[in-house]
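Text of the file model-v5.txt, holding compact mmCIF, C-alpha atoms:
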```txt
# COMPACT_ATOMS: atom_id res chain seq x y z
CA ARG A 1 32.18 74.35 -30.96
CA GLY A 2 31.88 73.90 -34.78
CA PRO A 3 29.36 71.87 -36.77
CA ILE A 4 29.31 68.11 -36.88
CA GLY A 5 32.19 66.65 -38.93
CA ALA A 6 34.26 69.85 -38.72
CA THR A 7 37.83 69.72 -37.50
CA GLN A 8 38.22 71.08 -33.93
CA HIS A 9 41.38 73.01 -33.03
CA GLN A 10 42.72 73.04 -29.42
CA HIS A 11 44.61 75.89 -27.82
CA PRO A 12 48.41 75.24 -27.58
CA THR A 13 48.34 75.66 -23.81
CA MET A 14 45.57 73.15 -23.39
CA LEU A 15 47.45 70.73 -25.64
CA ALA A 16 50.60 71.01 -23.50
CA ARG A 17 48.64 70.37 -20.30
CA SER A 18 46.95 67.32 -21.73
CA THR A 19 50.26 65.94 -22.99
CA PHE A 20 51.92 66.43 -19.58
CA ALA A 21 48.98 64.75 -17.81
CA ALA A 22 49.13 61.80 -20.19
CA ALA A 23 52.86 61.34 -19.68
CA ARG A 24 52.43 61.45 -15.92
CA SER A 25 49.66 58.85 -16.02
CA VAL A 26 51.69 56.54 -18.29
CA ALA A 27 54.87 56.61 -16.19
CA PRO A 28 53.89 57.25 -12.55
CA MET A 29 57.00 55.52 -11.12
CA VAL A 30 59.57 57.71 -12.86
CA GLN A 31 61.28 60.00 -10.31
CA ARG A 32 62.06 63.56 -11.19
CA MET A 33 65.80 64.24 -11.05
CA PRO A 34 67.03 67.69 -10.01
CA ARG A 35 68.70 69.77 -12.62
CA PRO A 36 72.51 70.16 -12.54
CA ASP A 37 72.26 73.87 -11.87
CA THR A 38 70.09 73.16 -8.80
CA ILE A 39 72.76 70.80 -7.38
CA ALA A 40 75.52 73.34 -7.98
CA ARG A 41 73.50 76.07 -6.25
CA GLY A 42 72.96 73.82 -3.21
CA ASP A 43 76.67 73.11 -2.95
CA ARG A 44 77.45 76.80 -3.11
CA ASP A 45 74.93 77.55 -0.37
CA ALA A 46 76.48 74.86 1.83
CA ASN A 47 79.93 76.30 1.14
CA VAL A 48 78.80 79.76 2.21
CA LYS A 49 77.30 78.33 5.40
CA ALA A 50 80.51 76.40 6.23
CA LEU A 51 82.61 79.51 5.67
CA ARG A 52 80.29 81.55 7.88
CA LEU A 53 80.57 79.00 10.71
CA ARG A 54 84.34 78.83 10.42
CA LEU A 55 84.61 82.61 10.40
CA ALA A 56 82.57 82.82 13.60
CA SER A 57 84.79 80.17 15.21
CA VAL A 58 88.00 82.02 14.34
CA LYS A 59 86.57 85.29 15.65
CA SER A 60 85.72 83.57 18.93
CA ILE A 61 89.29 82.21 19.19
CA GLN A 62 90.66 85.68 18.48
CA ARG A 63 88.67 87.14 21.36
CA ILE A 64 90.02 84.43 23.68
CA THR A 65 93.66 84.93 22.67
CA LYS A 66 93.32 88.70 22.97
CA THR A 67 91.93 88.33 26.48
CA MET A 68 94.71 85.92 27.47
CA LYS A 69 97.29 88.39 26.18
CA MET A 70 95.81 91.17 28.31
CA VAL A 71 95.76 88.92 31.40
CA ALA A 72 99.39 87.88 30.84
CA ALA A 73 100.42 91.52 30.41
CA ALA A 74 98.75 92.41 33.70
CA LYS A 75 100.46 89.53 35.52
CA LEU A 76 103.86 90.26 34.00
CA LYS A 77 104.31 93.52 35.88
CA GLY A 78 103.71 91.85 39.25
CA PHE A 79 106.01 88.91 38.51
CA GLN A 80 108.72 91.20 37.20
CA SER A 81 108.72 93.45 40.26
CA ARG A 82 108.93 90.48 42.64
CA MET A 83 111.62 88.84 40.54
CA ILE A 84 113.81 91.96 40.58
CA ALA A 85 113.38 92.18 44.37
CA ALA A 86 114.44 88.53 44.81
CA ARG A 87 117.45 88.60 42.49
CA PRO A 88 119.91 90.06 45.05
CA LEU A 89 119.14 87.21 47.47
CA GLY A 90 119.99 84.53 44.92
CA ASP A 91 123.06 86.41 43.69
CA ARG A 92 124.47 86.89 47.20
CA ILE A 93 123.96 83.22 48.05
CA THR A 94 125.79 82.29 44.85
CA ALA A 95 128.66 84.63 45.69
CA LEU A 96 128.87 83.23 49.24
CA VAL A 97 129.05 79.63 48.07
CA ASP A 98 131.50 80.41 45.28
CA ALA A 99 133.83 82.13 47.75
CA MET A 100 134.53 78.81 49.45
CA PRO A 101 137.40 76.81 47.92
CA GLU A 102 136.75 73.64 46.02
CA ALA A 103 137.24 70.27 47.67
CA LEU A 104 140.42 68.26 47.26
CA ASP A 105 140.95 66.37 44.02
CA GLU A 106 140.51 62.99 45.63
CA ILE A 107 137.17 64.13 47.05
CA SER A 108 135.99 65.66 43.79
CA ALA A 109 136.95 62.58 41.83
CA LYS A 110 134.58 60.28 43.70
CA ASP A 111 131.34 59.13 42.08
CA THR A 112 128.91 61.94 42.63
CA THR A 113 125.17 61.59 43.02
CA ASN A 114 123.37 64.31 41.07
CA VAL A 115 119.84 65.64 41.23
CA VAL A 116 118.56 67.77 38.34
CA ILE A 117 115.79 70.26 39.14
CA PRO A 118 114.05 71.60 35.99
CA PHE A 119 111.69 74.54 36.47
CA THR A 120 108.76 74.24 34.05
CA SER A 121 105.26 75.66 33.94
CA ASP A 122 101.96 74.17 35.05
CA ARG A 123 100.09 75.33 31.94
CA GLY A 124 100.77 75.41 28.23
CA LEU A 125 100.28 78.06 25.54
CA CYS A 126 103.56 79.73 26.47
CA GLY A 127 105.77 79.12 23.45
CA GLY A 128 108.96 77.12 23.82
CA VAL A 129 109.58 77.84 27.51
CA ASN A 130 109.16 74.24 28.66
CA GLY A 131 110.82 72.76 25.59
CA HIS A 132 114.01 74.76 26.15
CA VAL A 133 114.24 73.67 29.79
CA ALA A 134 113.65 70.02 28.86
CA LYS A 135 116.26 70.17 26.11
CA ALA A 136 118.87 71.71 28.44
CA SER A 137 118.06 69.10 31.09
CA LYS A 138 118.56 66.26 28.62
CA VAL A 139 121.95 67.67 27.63
CA LEU A 140 123.01 67.71 31.28
CA LEU A 141 121.64 64.23 31.95
CA ALA A 142 123.60 62.80 29.03
CA ASP A 143 126.88 63.62 30.84
CA MET A 144 125.79 62.29 34.23
CA PRO A 145 125.79 58.68 35.53
CA GLN A 146 122.49 57.06 34.68
CA ASP A 147 122.22 54.96 37.84
CA THR A 148 123.04 57.67 40.41
CA THR A 149 121.20 60.66 38.87
CA LYS A 150 117.72 61.73 39.91
CA ILE A 151 115.24 64.25 38.53
CA PHE A 152 113.09 66.48 40.74
CA ILE A 153 110.68 68.49 38.54
CA VAL A 154 109.02 71.74 39.56
CA GLY A 155 105.97 72.25 37.34
CA SER A 156 103.68 69.63 35.81
CA LYS A 157 104.60 70.24 32.15
CA GLY A 158 108.16 69.00 32.62
CA GLU A 159 106.98 65.51 33.53
CA GLY A 160 105.41 64.92 30.13
CA LEU A 161 108.58 66.09 28.36
CA LEU A 162 111.04 63.97 30.38
CA ARG A 163 109.10 60.86 31.37
CA ARG A 164 109.42 59.11 28.02
CA THR A 165 113.22 59.37 27.84
CA HIS A 166 114.21 59.63 31.52
CA GLY A 167 111.24 58.16 33.36
CA HIS A 168 113.45 55.83 35.41
CA MET A 169 115.19 58.86 36.96
CA LEU A 170 112.04 60.72 38.00
CA VAL A 171 111.52 60.79 41.75
CA ARG A 172 109.12 63.70 42.28
CA THR A 173 107.02 66.25 40.40
CA VAL A 174 105.76 69.34 42.21
CA GLN A 175 102.44 70.21 40.56
CA ASP A 176 100.58 73.52 40.81
CA ALA A 177 103.80 75.18 41.93
CA PHE A 178 102.81 78.39 40.15
CA GLY A 179 99.08 78.23 40.82
CA LYS A 180 99.41 80.53 43.81
CA PRO A 181 101.78 83.48 44.16
CA THR A 182 105.31 82.16 44.55
CA SER A 183 106.51 82.55 48.13
CA PHE A 184 109.68 81.80 50.05
CA ALA A 185 107.69 79.40 52.23
CA LEU A 186 106.90 77.22 49.21
CA ALA A 187 110.54 77.34 48.10
CA SER A 188 111.61 76.33 51.61
CA GLU A 189 109.28 73.33 51.55
CA ILE A 190 110.72 72.23 48.20
CA ALA A 191 114.29 72.63 49.44
CA GLU A 192 113.51 70.77 52.67
CA GLU A 193 112.00 67.89 50.70
CA ILE A 194 115.02 67.70 48.39
CA VAL A 195 117.52 67.70 51.24
CA GLY A 196 115.55 65.35 53.48
CA SER A 197 114.23 62.79 51.00
CA MET A 198 117.31 61.98 48.93
CA LYS A 199 121.07 61.74 49.24
CA TYR A 200 123.00 63.71 46.66
CA ASP A 201 126.29 65.48 46.19
CA LYS A 202 125.24 68.22 43.78
CA ALA A 203 121.91 69.70 42.76
CA THR A 204 121.62 71.37 39.34
CA LEU A 205 118.88 73.92 38.74
CA VAL A 206 117.69 74.39 35.13
CA TYR A 207 115.53 77.46 34.53
CA ASN A 208 114.73 80.34 32.17
CA LYS A 209 116.31 83.65 33.14
CA PHE A 210 114.16 86.62 32.23
CA LYS A 211 115.79 89.25 29.99
CA SER A 212 112.95 91.26 28.50
CA ALA A 213 109.34 90.90 27.49
CA ILE A 214 110.39 89.08 24.32
CA ALA A 215 113.59 87.28 25.36
CA TYR A 216 114.93 84.89 28.01
CA ASP A 217 117.97 82.64 28.48
CA THR A 218 117.93 78.99 29.57
CA LEU A 219 120.61 78.55 32.25
CA SER A 220 121.77 75.97 34.77
CA GLU A 221 123.60 76.33 38.06
CA SER A 222 124.73 73.95 40.76
CA VAL A 223 124.30 73.85 44.54
CA ASP A 224 126.38 71.50 46.69
CA SER A 225 124.85 69.31 49.36
CA PRO A 226 125.65 69.90 53.07
CA GLU A 227 128.02 66.89 53.07
CA THR A 228 129.97 68.29 50.14
CA MET A 229 130.12 71.71 51.80
CA GLU A 230 131.69 70.12 54.88
CA ASP A 231 134.55 68.92 52.69
CA ARG A 232 134.91 72.40 51.21
CA LEU A 233 134.68 74.08 54.60
CA ALA A 234 137.54 71.97 55.88
CA GLN A 235 139.85 73.80 53.47
CA ILE A 236 139.22 77.19 55.10
CA GLY A 237 139.58 76.11 58.74
CA GLU A 238 142.91 77.89 59.01
CA ARG A 239 141.65 81.16 57.50
CA PHE A 240 138.59 81.69 59.72
CA GLU A 241 137.84 81.28 63.40
CA PHE A 242 134.63 79.62 64.54
CA ASP A 243 132.83 79.69 67.86
CA ASP A 244 133.10 76.68 70.11
CA GLU A 245 129.41 76.03 69.71
CA PHE A 246 129.75 75.78 65.92
CA THR A 247 128.83 72.32 64.69
CA GLU A 248 129.68 71.74 61.05
CA SER A 249 127.07 69.08 60.34
CA LEU A 250 124.20 71.01 61.97
CA HIS A 251 125.00 74.54 60.89
CA LEU A 252 126.08 73.62 57.38
CA ASN A 253 122.92 71.61 56.89
CA ASP A 254 120.84 74.65 57.82
CA MET A 255 122.98 77.00 55.76
CA MET A 256 122.91 74.86 52.61
CA GLN A 257 119.19 74.25 52.98
CA PHE A 258 118.69 78.01 53.23
CA ALA A 259 120.97 78.52 50.21
CA LEU A 260 118.99 75.97 48.20
CA ALA A 261 115.68 77.53 49.27
CA ALA A 262 116.91 81.01 48.33
CA LYS A 263 118.00 79.82 44.91
CA VAL A 264 114.78 77.87 44.35
CA TYR A 265 112.74 80.95 45.27
CA SER A 266 114.72 83.25 43.00
CA ARG A 267 114.72 80.82 40.07
CA MET A 268 111.01 80.08 40.42
CA LEU A 269 110.30 83.78 40.03
CA GLU A 270 112.62 83.92 37.01
CA ALA A 271 110.81 80.96 35.46
CA ALA A 272 107.35 82.37 36.22
CA THR A 273 108.25 85.76 34.73
CA SER A 274 109.70 84.15 31.60
CA GLU A 275 106.61 81.97 31.25
CA THR A 276 104.25 84.94 31.56
CA SER A 277 106.19 87.02 29.02
CA ALA A 278 106.34 84.07 26.60
CA ARG A 279 102.59 83.50 26.97
CA MET A 280 101.90 87.17 26.28
CA GLN A 281 104.04 87.00 23.14
CA ALA A 282 102.44 83.72 22.03
CA MET A 283 98.92 85.08 22.47
CA GLU A 284 99.85 88.23 20.55
CA ASN A 285 101.09 86.11 17.65
CA ALA A 286 97.96 83.94 17.82
CA THR A 287 95.76 87.04 17.71
CA LYS A 288 97.59 88.32 14.63
CA ASN A 289 97.26 84.94 12.92
CA CYS A 290 93.54 84.90 13.69
CA GLY A 291 93.21 88.34 12.11
CA GLU A 292 94.89 87.12 8.94
CA MET A 293 92.61 84.06 8.83
CA ILE A 294 89.54 86.26 9.35
CA ASP A 295 90.52 88.46 6.40
CA LYS A 296 91.04 85.43 4.16
CA LEU A 297 87.82 83.69 5.23
CA THR A 298 85.84 86.93 4.79
CA LEU A 299 87.16 87.26 1.24
CA ASP A 300 86.34 83.64 0.43
CA MET A 301 82.84 83.94 1.90
CA ASN A 302 82.14 87.12 -0.08
CA LYS A 303 83.29 85.40 -3.26
CA ALA A 304 81.03 82.43 -2.57
CA ARG A 305 78.04 84.69 -1.83
CA GLN A 306 78.70 86.68 -5.00
CA ALA A 307 78.78 83.45 -7.00
CA VAL A 308 75.41 82.39 -5.56
CA ILE A 309 73.86 85.79 -6.30
CA THR A 310 75.24 85.78 -9.84
CA GLN A 311 73.85 82.29 -10.47
CA GLU A 312 70.42 83.27 -9.18
CA LEU A 313 70.35 86.39 -11.36
CA SER A 314 71.31 84.38 -14.41
CA GLU A 315 68.53 81.90 -13.69
CA ILE A 316 65.99 84.69 -13.31
CA VAL A 317 67.08 86.25 -16.60
CA SER A 318 67.01 82.90 -18.37
CA GLY A 319 63.54 82.12 -17.02
CA ALA A 320 62.23 85.53 -18.11
CA ALA A 321 63.66 85.04 -21.59
CA ALA A 322 62.09 81.59 -21.85
CA VAL A 323 58.67 82.96 -20.91
CA GLU A 324 58.90 85.68 -23.53
```
The structure in this file should be written as structure tokens.
Amino acid sequence: RGPIGATQHQHPTMLARSTFAAARSVAPMVQRMPRPDTIARGDRDANVKALRLRLASVKSIQRITKTMKMVAAAKLKGFQSRMIAARPLGDRITALVDAMPEALDEISAKDTTNVVIPFTSDRGLCGGVNGHVAKASKVLLADMPQDTTKIFIVGSKGEGLLRRTHGHMLVRTVQDAFGKPTSFALASEIAEEIVGSMKYDKATLVYNKFKSAIAYDTLSESVDSPETMEDRLAQIGERFEFDDEFTESLHLNDMMQFALAAKVYSRMLEAATSETSARMQAMENATKNCGEMIDKLTLDMNKARQAVITQELSEIVSGAAAVE
């Protein structure tokens, strides 16, 4: 401290502190606003966090699709072996029915009652398997009488595809048809219900025929009712001899019900094998797409992290230069 009347000099640091304290006491209600660089850094941190969460989600989906592909590949071998074993039964039934001559023209020209039987899956994530069957069914239904045609769906997915446009024709949907291993007993129950619950002249089966692990064809084939087969059998009465105990109505009903059950069993296995192969292919494509997304998200996240690190380094350098 100098003598009385002398000018006193304050240290620059003490002057700055006193000035800051005075400003704070004068304007206590003024809020401090964050700097623009602080806001930008917070946005970048949030972007990095969002990318990290999305990357973890895609990796989880990739693990699921990879597992589903492996499960479908394991099931495909079993379905394929059973399908190949059942093909001769369906082919021989088709050859037996085709060997009988067609009915007379006046019988064929009558108004026929049709029932369309699409074979769809009970679950999704199998590509365009169900869409192809629904599209082929709609093409067939367009050429059939609207008031005398009925739809009997095997598989729950077909109902959602056909109800909006042909809901008035739907009479039955067999759900969980492929939940358990497909058996001839189940096919017999379906055929018995079709024959016993509705009157029809011709049943048309729409299904996917398995070709390979990456290909299948959507086909349709017809099976006549027992009444129609009686008219066809009358044309071969002179060529074959029958036992006295042969009753056309009884025996033909059993034979055509067995023919329908054999075809339903064979075509259900074809549809199940095609569905499994399509699901395996779909899950393989989904796994590849997830891998591409993971690579892109990893690159974006690394760029965002590098931007945050660069900004922090620049702030540290700027602060050090300001202190000096």
* **Nearby residues (only C-alpha atoms) at most 10 Å from Arg54 of chain A, same-chain spacing under 3 positions excluded, as a ChimeraX atom specification** => /A:48-51,57-60,293-294,297-298
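Distances from A:Arg52, A:Arg267, A:Lys296, A:Lys202 to Met229 of chain A were compared using all atoms listed in the file, and the smallest one belongs to A:Lys202.
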* Could you pull the residues within 7 Å of segment 118-133 of chain A, counting all atoms listed in the file, minus those fewer than 4 positions along the same chain, as a list of chain:residue names? -> A:Ser137, A:Ile153, A:Val154, A:Gly155, A:Ser156, A:Lys157, A:Gly158, A:Gln175, A:Asp176, A:Phe178, A:Leu205, A:Val206, A:Tyr207, A:Thr218, A:Met268, A:Ala271, A:Glu275, A:Ala278, A:Arg279, A:Ala282
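Shortest atom-to-atom contact with Glu189 of chain A among A:Gln257, A:Thr310, A:Thr65, A:Asn208: A:Gln257, counting only C-alpha atoms.
When only C-alpha atoms are used to compute distances to Thr112 of chain A, the closest of the residues A:Lys66, A:Phe79, A:Gln146, A:Asp201 turns out to be A:Asp201.
When atom CA of Ala99 of chain A is paired with atom CA of Glu227 of chain A, their separation reads 17.2 Å.
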* Asked: Leaving out Ile151 of chain A and any residue of its chain fewer than 6 positions from it, which residues lie within 9 Å of it when counting all atoms listed in the file, given as a list in words?
  -> Asn114, Val115, Val116, Ile117, Pro118, His166, Gly167, Met169, Leu170, Val171, Arg172 and Thr173 of chain A
Selection from above, C-alpha atoms, as a PDB file, in the coordinates of the input, can you write it?
```pdb
ATOM      1  CA  ASN A 114     123.370  64.310  41.070  1.00  0.00           C
ATOM      2  CA  VAL A 115     119.840  65.640  41.230  1.00  0.00           C
ATOM      3  CA  VAL A 116     118.560  67.770  38.340  1.00  0.00           C
ATOM      4  CA  ILE A 117     115.790  70.260  39.140  1.00  0.00           C
ATOM      5  CA  PRO A 118     114.050  71.600  35.990  1.00  0.00           C
ATOM      6  CA  HIS A 166     114.210  59.630  31.520  1.00  0.00           C
ATOM      7  CA  GLY A 167     111.240  58.160  33.360  1.00  0.00           C
ATOM      8  CA  MET A 169     115.190  58.860  36.960  1.00  0.00           C
ATOM      9  CA  LEU A 170     112.040  60.720  38.000  1.00  0.00           C
ATOM     10  CA  VAL A 171     111.520  60.790  41.750  1.00  0.00           C
ATOM     11  CA  ARG A 172     109.120  63.700  42.280  1.00  0.00           C
ATOM     12  CA  THR A 173     107.020  66.250  40.400  1.00  0.00           C
TER      13      THR A 173
END
```
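Minimum distance to Thr94 of chain A across A:Ala72, A:Ala142, A:Val223, A:Ala177 (counting only C-alpha atoms) occurs at A:Val223.
Of the listed residues A:Ala86, A:Pro181, A:Lys209, A:Ser220, the one whose atoms come nearest to Lys135 of chain A is A:Ser220, with distances taken using all atoms listed in the file.
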* atom CA of Ala259 of chain A to atom CA of Thr273 of chain A: how many Å, to one decimal? -> 21.3 Å
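Taking atom CA of Gly160 of chain A and atom CA of Leu140 of chain A as endpoints, the distance between them is 17.9 Å.
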